[in-house]
Amino acid sequence: MNFLPDKIDKYIVAHSQKEPEILQQLNKETWQKVLNPRMLSGAFQGRLLAMISKLIQPLNILEIGTYTGYSALCLAEGIQKKGTLITIDKNEELESFAKKYIDKSPYKNQIKQLVGNAIEIIPDLNEKFDLVFIDADKSNYVNYFNLIIDKMNSGGVILSDNVLWSGKVVEEVNPKDNDTKTLLAYNQLLNSDDRIESILLPIRDGLTISRVK
């Protein structure tokens with residue numbers, strides 16, 4: 001969901017850097033072959049992810065939610081030459097789809113795909129991270145934060161996607177809507193935890209940037 005008027009949104013996209021050709025191909029094939037293609041970060045948000053990564057120049061990146069690999073490739077654009085990006089997704093069916101494009105990229109030797117439950121995988125990771133992107137099942141956002149916060153380097157950045165959740169966060173919540181309830185708690189957590197400083201941006205479906213103190 002976009003929260004800006006359509007004309008403004010199109011103007012912004014038209015005056016932002018275009019996505020690289022490999023991402024154009026990945027974008028197109030995702031929309032052609034994969035269910036729920038709206039889950040894709042897309043060109044504009046992808047350029048933002050790439051820009052943030054280039055500004056940080058992270059050594060280690062963690063992505064929770066690979067989907068078809070689009071955002072992983074964007075985040076990898078700023079990684080150091082000796083850096084590693086670990087991306088986790090529980091959907092085995094999309095592993096080969098994402099791997100095909102990762103293997104075509106300049107970052108194929110730096111990106112490590114893990115398939116499984118991130119809640120179970122993250123505690124066993126020994127790396128300290130400079131950049132984390134959370135874009136998986138919303139009902140576990142608080143759990144993901146609690147698992148990664150002590151694995152962050154000082155000055156590291158946590159990016160949280162879909163935090164406006166199509167505007168549901170400002171509407172009356174259906175008692176059965178656990179995703180929205182969790183996101184409300186998560187947004188409050190990011191705004192109150194003394195270990196981080198955060199800003200929520202109304203980009204696409206909402207993106208929060210949190211810097212670890």
# chains A, B, ... in the order shown; residues from 1 in each chain; ligands from 1

call {"tool": "closest_atom_pairs", "arguments": {"of": "region 102-168 of chain A", "to": "region 186-189 of chain A", "cutoff": "10 Å", "atoms": "only C-alpha atoms", "output": "JSON lines"}}
result
{"residue": "A:Lys138", "atom": "CA", "partner": "A:Tyr186", "partner_atom": "CA", "distance": 9.3}
{"residue": "A:Ser139", "atom": "CA", "partner": "A:Tyr186", "partner_atom": "CA", "distance": 9.6}
{"residue": "A:Asn140", "atom": "CA", "partner": "A:Tyr186", "partner_atom": "CA", "distance": 9.4}
{"residue": "A:Tyr141", "atom": "CA", "partner": "A:Tyr186", "partner_atom": "CA", "distance": 6.6}
{"residue": "A:Val142", "atom": "CA", "partner": "A:Tyr186", "partner_atom": "CA", "distance": 5.5}
{"residue": "A:Asn143", "atom": "CA", "partner": "A:Tyr186", "partner_atom": "CA", "distance": 9.3}
{"residue": "A:Phe145", "atom": "CA", "partner": "A:Tyr186", "partner_atom": "CA", "distance": 8.6}
{"residue": "A:Ser160", "atom": "CA", "partner": "A:Asn187", "partner_atom": "CA", "distance": 9.5}
{"residue": "A:Val163", "atom": "CA", "partner": "A:Asn187", "partner_atom": "CA", "distance": 7.1}
{"residue": "A:Leu164", "atom": "CA", "partner": "A:Asn187", "partner_atom": "CA", "distance": 9.0}

call {"tool": "select_by_dssp", "arguments": {"residues": "chain A", "states": "strand (DSSP E or B)", "output": "PyMOL selection string"}}
result
chain A and resi 60-64+84-89+111-115+129-134+152-161+196-201+207-212

call {"tool": "write_last_selection", "arguments": {"atoms": "N, CA and C atoms", "output": "compact mmCIF listing (two decimals), in the first residue's frame"}}
result
# COMPACT_ATOMS: atom_id res chain seq x y z
N ASN A 60 28.72 -7.59 8.07
CA ASN A 60 27.77 -8.71 8.16
C ASN A 60 26.33 -8.20 8.13
N ILE A 61 25.54 -8.81 7.28
CA ILE A 61 24.13 -8.46 7.12
C ILE A 61 23.28 -9.69 7.41
N LEU A 62 22.16 -9.49 8.07
CA LEU A 62 21.18 -10.55 8.28
C LEU A 62 19.85 -10.11 7.70
N GLU A 63 19.25 -10.97 6.89
CA GLU A 63 17.92 -10.71 6.36
C GLU A 63 16.99 -11.81 6.83
N ILE A 64 15.88 -11.42 7.43
CA ILE A 64 14.87 -12.38 7.88
C ILE A 64 13.70 -12.28 6.91
N THR A 84 29.60 -10.83 4.62
CA THR A 84 28.67 -11.93 4.41
C THR A 84 27.24 -11.47 4.66
N LEU A 85 26.35 -11.91 3.80
CA LEU A 85 24.92 -11.67 4.00
C LEU A 85 24.25 -13.01 4.21
N ILE A 86 23.61 -13.17 5.36
CA ILE A 86 22.84 -14.38 5.66
C ILE A 86 21.37 -14.05 5.49
N THR A 87 20.70 -14.82 4.66
CA THR A 87 19.26 -14.59 4.45
C THR A 87 18.49 -15.86 4.79
N ILE A 88 17.41 -15.71 5.54
CA ILE A 88 16.66 -16.86 6.07
C ILE A 88 15.22 -16.81 5.57
N ASP A 89 14.72 -17.95 5.13
CA ASP A 89 13.31 -18.06 4.75
C ASP A 89 12.85 -19.49 5.01
N ILE A 111 26.62 -14.31 -0.28
CA ILE A 111 25.26 -14.50 0.23
C ILE A 111 25.05 -15.96 0.61
N LYS A 112 24.63 -16.18 1.83
CA LYS A 112 24.38 -17.53 2.34
C LYS A 112 22.88 -17.68 2.60
N GLN A 113 22.25 -18.59 1.86
CA GLN A 113 20.81 -18.85 2.03
C GLN A 113 20.61 -19.94 3.08
N LEU A 114 19.73 -19.67 4.02
CA LEU A 114 19.34 -20.67 5.01
C LEU A 114 17.84 -20.87 4.92
N VAL A 115 17.41 -22.11 4.91
CA VAL A 115 15.99 -22.43 4.83
C VAL A 115 15.54 -23.06 6.14
N PHE A 129 26.18 -8.34 13.73
CA PHE A 129 25.66 -7.73 12.51
C PHE A 129 25.69 -6.21 12.54
N ASP A 130 25.96 -5.66 11.35
CA ASP A 130 25.94 -4.21 11.16
C ASP A 130 24.61 -3.75 10.55
N LEU A 131 23.90 -4.68 9.90
CA LEU A 131 22.64 -4.34 9.23
C LEU A 131 21.74 -5.56 9.26
N VAL A 132 20.50 -5.36 9.70
CA VAL A 132 19.49 -6.42 9.74
C VAL A 132 18.22 -5.91 9.08
N PHE A 133 17.64 -6.73 8.22
CA PHE A 133 16.37 -6.39 7.56
C PHE A 133 15.33 -7.42 7.98
N ILE A 134 14.28 -6.96 8.64
CA ILE A 134 13.20 -7.85 9.10
C ILE A 134 12.01 -7.68 8.17
N MET A 152 23.81 -7.32 17.53
CA MET A 152 24.09 -6.12 16.74
C MET A 152 25.34 -5.42 17.23
N ASN A 153 26.14 -4.93 16.29
CA ASN A 153 27.25 -4.06 16.65
C ASN A 153 26.72 -2.68 17.01
N SER A 154 27.44 -1.96 17.85
CA SER A 154 27.08 -0.58 18.16
C SER A 154 27.11 0.25 16.87
N GLY A 155 26.07 1.02 16.65
CA GLY A 155 25.95 1.78 15.41
C GLY A 155 25.29 1.01 14.29
N GLY A 156 25.01 -0.26 14.54
CA GLY A 156 24.32 -1.08 13.54
C GLY A 156 22.89 -0.63 13.34
N VAL A 157 22.32 -1.03 12.22
CA VAL A 157 20.98 -0.58 11.83
C VAL A 157 20.05 -1.76 11.63
N ILE A 158 18.84 -1.64 12.17
CA ILE A 158 17.78 -2.62 11.97
C ILE A 158 16.70 -1.96 11.11
N LEU A 159 16.38 -2.58 10.00
CA LEU A 159 15.30 -2.11 9.12
C LEU A 159 14.10 -3.03 9.28
N SER A 160 12.95 -2.45 9.54
CA SER A 160 11.72 -3.24 9.75
C SER A 160 10.68 -2.84 8.72
N ASP A 161 10.25 -3.80 7.92
CA ASP A 161 9.33 -3.52 6.82
C ASP A 161 7.87 -3.77 7.23
N ILE A 196 18.06 1.53 21.34
CA ILE A 196 18.00 1.96 19.95
C ILE A 196 17.36 3.34 19.84
N GLU A 197 17.57 3.96 18.69
CA GLU A 197 16.81 5.16 18.33
C GLU A 197 16.18 4.89 16.97
N SER A 198 14.91 5.23 16.80
CA SER A 198 14.16 4.81 15.63
C SER A 198 13.40 5.95 14.97
N ILE A 199 13.20 5.79 13.68
CA ILE A 199 12.32 6.68 12.93
C ILE A 199 11.50 5.83 11.96
N LEU A 200 10.19 6.07 11.95
CA LEU A 200 9.28 5.33 11.08
C LEU A 200 9.00 6.18 9.84
N LEU A 201 9.28 5.64 8.69
CA LEU A 201 9.10 6.36 7.43
C LEU A 201 7.86 5.83 6.70
N LEU A 207 8.40 1.70 6.73
CA LEU A 207 9.74 1.16 6.99
C LEU A 207 10.33 1.91 8.18
N THR A 208 10.71 1.19 9.22
CA THR A 208 11.34 1.80 10.38
C THR A 208 12.85 1.57 10.33
N ILE A 209 13.60 2.65 10.54
CA ILE A 209 15.05 2.56 10.64
C ILE A 209 15.41 2.73 12.11
N SER A 210 16.08 1.73 12.67
CA SER A 210 16.50 1.76 14.07
C SER A 210 18.01 1.65 14.15
N ARG A 211 18.62 2.59 14.85
CA ARG A 211 20.08 2.57 15.04
C ARG A 211 20.39 2.10 16.46
N VAL A 212 21.28 1.12 16.54
CA VAL A 212 21.68 0.59 17.84
C VAL A 212 22.70 1.52 18.48

call {"tool": "atom_distance", "arguments": {"atom1": "CA of Asp150 (chain A)", "atom2": "CA of Ala118 (chain A)"}}
result
15.6 Å

call {"tool": "residues_around", "arguments": {"residues": "Ser166 (chain A)", "least_positions_apart": "2", "cutoff": "9 Å", "atoms": "only C-alpha atoms", "output": "list in words"}}
result
Met1, Asn2, Phe3, Asn162, Val163, Leu164, Lys168, Val169, Arg204, Asp205 and Gly206 of chain A

call {"tool": "residues_around", "arguments": {"residues": "Ile122 (chain A)", "least_positions_apart": "4", "cutoff": "9 Å", "atoms": "only C-alpha atoms", "output": "list in words"}}
result
Ile88, Asn117, Ala118, Asn126, Tyr144, Leu147 and Ile148 of chain A

call {"tool": "residues_around", "arguments": {"residues": "Asn36 (chain A)", "least_positions_apart": "5", "cutoff": "12 Å", "atoms": "only C-alpha atoms", "output": "count of residues only"}}
result
5

call {"tool": "closest_residue", "arguments": {"among": "A:Leu4, A:Leu75, A:Leu48, A:Leu183", "to": "Lys18 (chain A)", "atoms": "only C-alpha atoms"}}
result
A:Leu48

call {"tool": "atom_distance", "arguments": {"atom1": "CA of Ile203 (chain A)", "atom2": "CA of Ser16 (chain A)"}}
result
13.5 Å

call {"tool": "closest_residue", "arguments": {"among": "A:Ser71, A:Ser96, A:Asn109, A:Asn178", "to": "Leu40 (chain A)", "atoms": "only C-alpha atoms"}}
result
A:Ser71

call {"tool": "atom_distance", "arguments": {"atom1": "CA of Ile56 (chain A)", "atom2": "CA of Pro20 (chain A)"}}
result
20.1 Å

call {"tool": "closest_residue", "arguments": {"among": "A:Ile52, A:Ile12, A:Leu190, A:Ala43", "to": "Gln24 (chain A)", "atoms": "only C-alpha atoms"}}
result
A:Ala43

call {"tool": "select_by_dssp", "arguments": {"residues": "region 15-210 of chain A", "states": "helix (DSSP H, G or I)", "output": "number ranges by chain"}}
result
A: 21-33, 37-39, 42-56, 70-76, 92-104, 118-124, 138-151, 165-170, 178-192

call {"tool": "decode", "arguments": {"residues": "region 70-99 of chain A", "atoms": "N, CA and C atoms", "output": "compact mmCIF listing (two decimals), in the first residue's frame"}}
result
# COMPACT_ATOMS: atom_id res chain seq x y z
N TYR A 70 15.10 -10.57 -3.96
CA TYR A 70 15.26 -9.20 -4.44
C TYR A 70 15.93 -8.30 -3.41
N SER A 71 15.40 -8.28 -2.20
CA SER A 71 15.94 -7.38 -1.18
C SER A 71 17.35 -7.80 -0.76
N ALA A 72 17.63 -9.10 -0.79
CA ALA A 72 18.98 -9.55 -0.45
C ALA A 72 20.01 -8.97 -1.42
N LEU A 73 19.67 -8.98 -2.70
CA LEU A 73 20.59 -8.44 -3.70
C LEU A 73 20.74 -6.93 -3.55
N CYS A 74 19.69 -6.25 -3.14
CA CYS A 74 19.78 -4.81 -2.89
C CYS A 74 20.68 -4.53 -1.69
N LEU A 75 20.48 -5.25 -0.61
CA LEU A 75 21.28 -5.05 0.59
C LEU A 75 22.75 -5.38 0.35
N ALA A 76 23.00 -6.35 -0.52
CA ALA A 76 24.37 -6.77 -0.80
C ALA A 76 25.18 -5.72 -1.54
N GLU A 77 24.51 -4.75 -2.13
CA GLU A 77 25.22 -3.73 -2.91
C GLU A 77 26.20 -2.91 -2.08
N GLY A 78 25.97 -2.80 -0.78
CA GLY A 78 26.84 -2.00 0.06
C GLY A 78 27.79 -2.81 0.92
N ILE A 79 27.76 -4.13 0.79
CA ILE A 79 28.54 -4.99 1.68
C ILE A 79 30.04 -4.88 1.39
N GLN A 80 30.83 -5.01 2.43
CA GLN A 80 32.28 -5.01 2.27
C GLN A 80 32.73 -6.25 1.48
N LYS A 81 33.91 -6.16 0.86
CA LYS A 81 34.38 -7.25 0.00
C LYS A 81 34.54 -8.56 0.76
N LYS A 82 34.85 -8.47 2.04
CA LYS A 82 35.01 -9.68 2.85
C LYS A 82 33.75 -9.97 3.68
N GLY A 83 32.67 -9.26 3.37
CA GLY A 83 31.46 -9.38 4.15
C GLY A 83 30.58 -10.56 3.76
N THR A 84 29.60 -10.83 4.62
CA THR A 84 28.67 -11.93 4.41
C THR A 84 27.24 -11.47 4.66
N LEU A 85 26.35 -11.91 3.80
CA LEU A 85 24.92 -11.67 4.00
C LEU A 85 24.25 -13.01 4.21
N ILE A 86 23.61 -13.17 5.36
CA ILE A 86 22.84 -14.38 5.66
C ILE A 86 21.37 -14.05 5.49
N THR A 87 20.70 -14.82 4.66
CA THR A 87 19.26 -14.59 4.45
C THR A 87 18.49 -15.86 4.79
N ILE A 88 17.41 -15.71 5.54
CA ILE A 88 16.66 -16.86 6.07
C ILE A 88 15.22 -16.81 5.57
N ASP A 89 14.72 -17.95 5.13
CA ASP A 89 13.31 -18.06 4.75
C ASP A 89 12.85 -19.49 5.01
N LYS A 90 11.60 -19.64 5.41
CA LYS A 90 11.08 -20.97 5.70
C LYS A 90 10.46 -21.65 4.48
N ASN A 91 10.32 -20.90 3.37
CA ASN A 91 9.67 -21.43 2.18
C ASN A 91 10.67 -22.16 1.29
N GLU A 92 10.68 -23.48 1.37
CA GLU A 92 11.62 -24.28 0.58
C GLU A 92 11.36 -24.16 -0.91
N GLU A 93 10.11 -23.92 -1.29
CA GLU A 93 9.76 -23.87 -2.70
C GLU A 93 10.40 -22.70 -3.43
N LEU A 94 10.73 -21.63 -2.71
CA LEU A 94 11.33 -20.46 -3.34
C LEU A 94 12.85 -20.44 -3.26
N GLU A 95 13.44 -21.43 -2.60
CA GLU A 95 14.90 -21.43 -2.42
C GLU A 95 15.63 -21.42 -3.76
N SER A 96 15.24 -22.29 -4.68
CA SER A 96 15.95 -22.37 -5.97
C SER A 96 15.69 -21.13 -6.83
N PHE A 97 14.49 -20.56 -6.71
CA PHE A 97 14.17 -19.33 -7.45
C PHE A 97 15.13 -18.21 -7.04
N ALA A 98 15.26 -18.01 -5.75
CA ALA A 98 16.15 -16.95 -5.25
C ALA A 98 17.60 -17.27 -5.59
N LYS A 99 17.99 -18.54 -5.45
CA LYS A 99 19.37 -18.93 -5.70
C LYS A 99 19.79 -18.67 -7.15
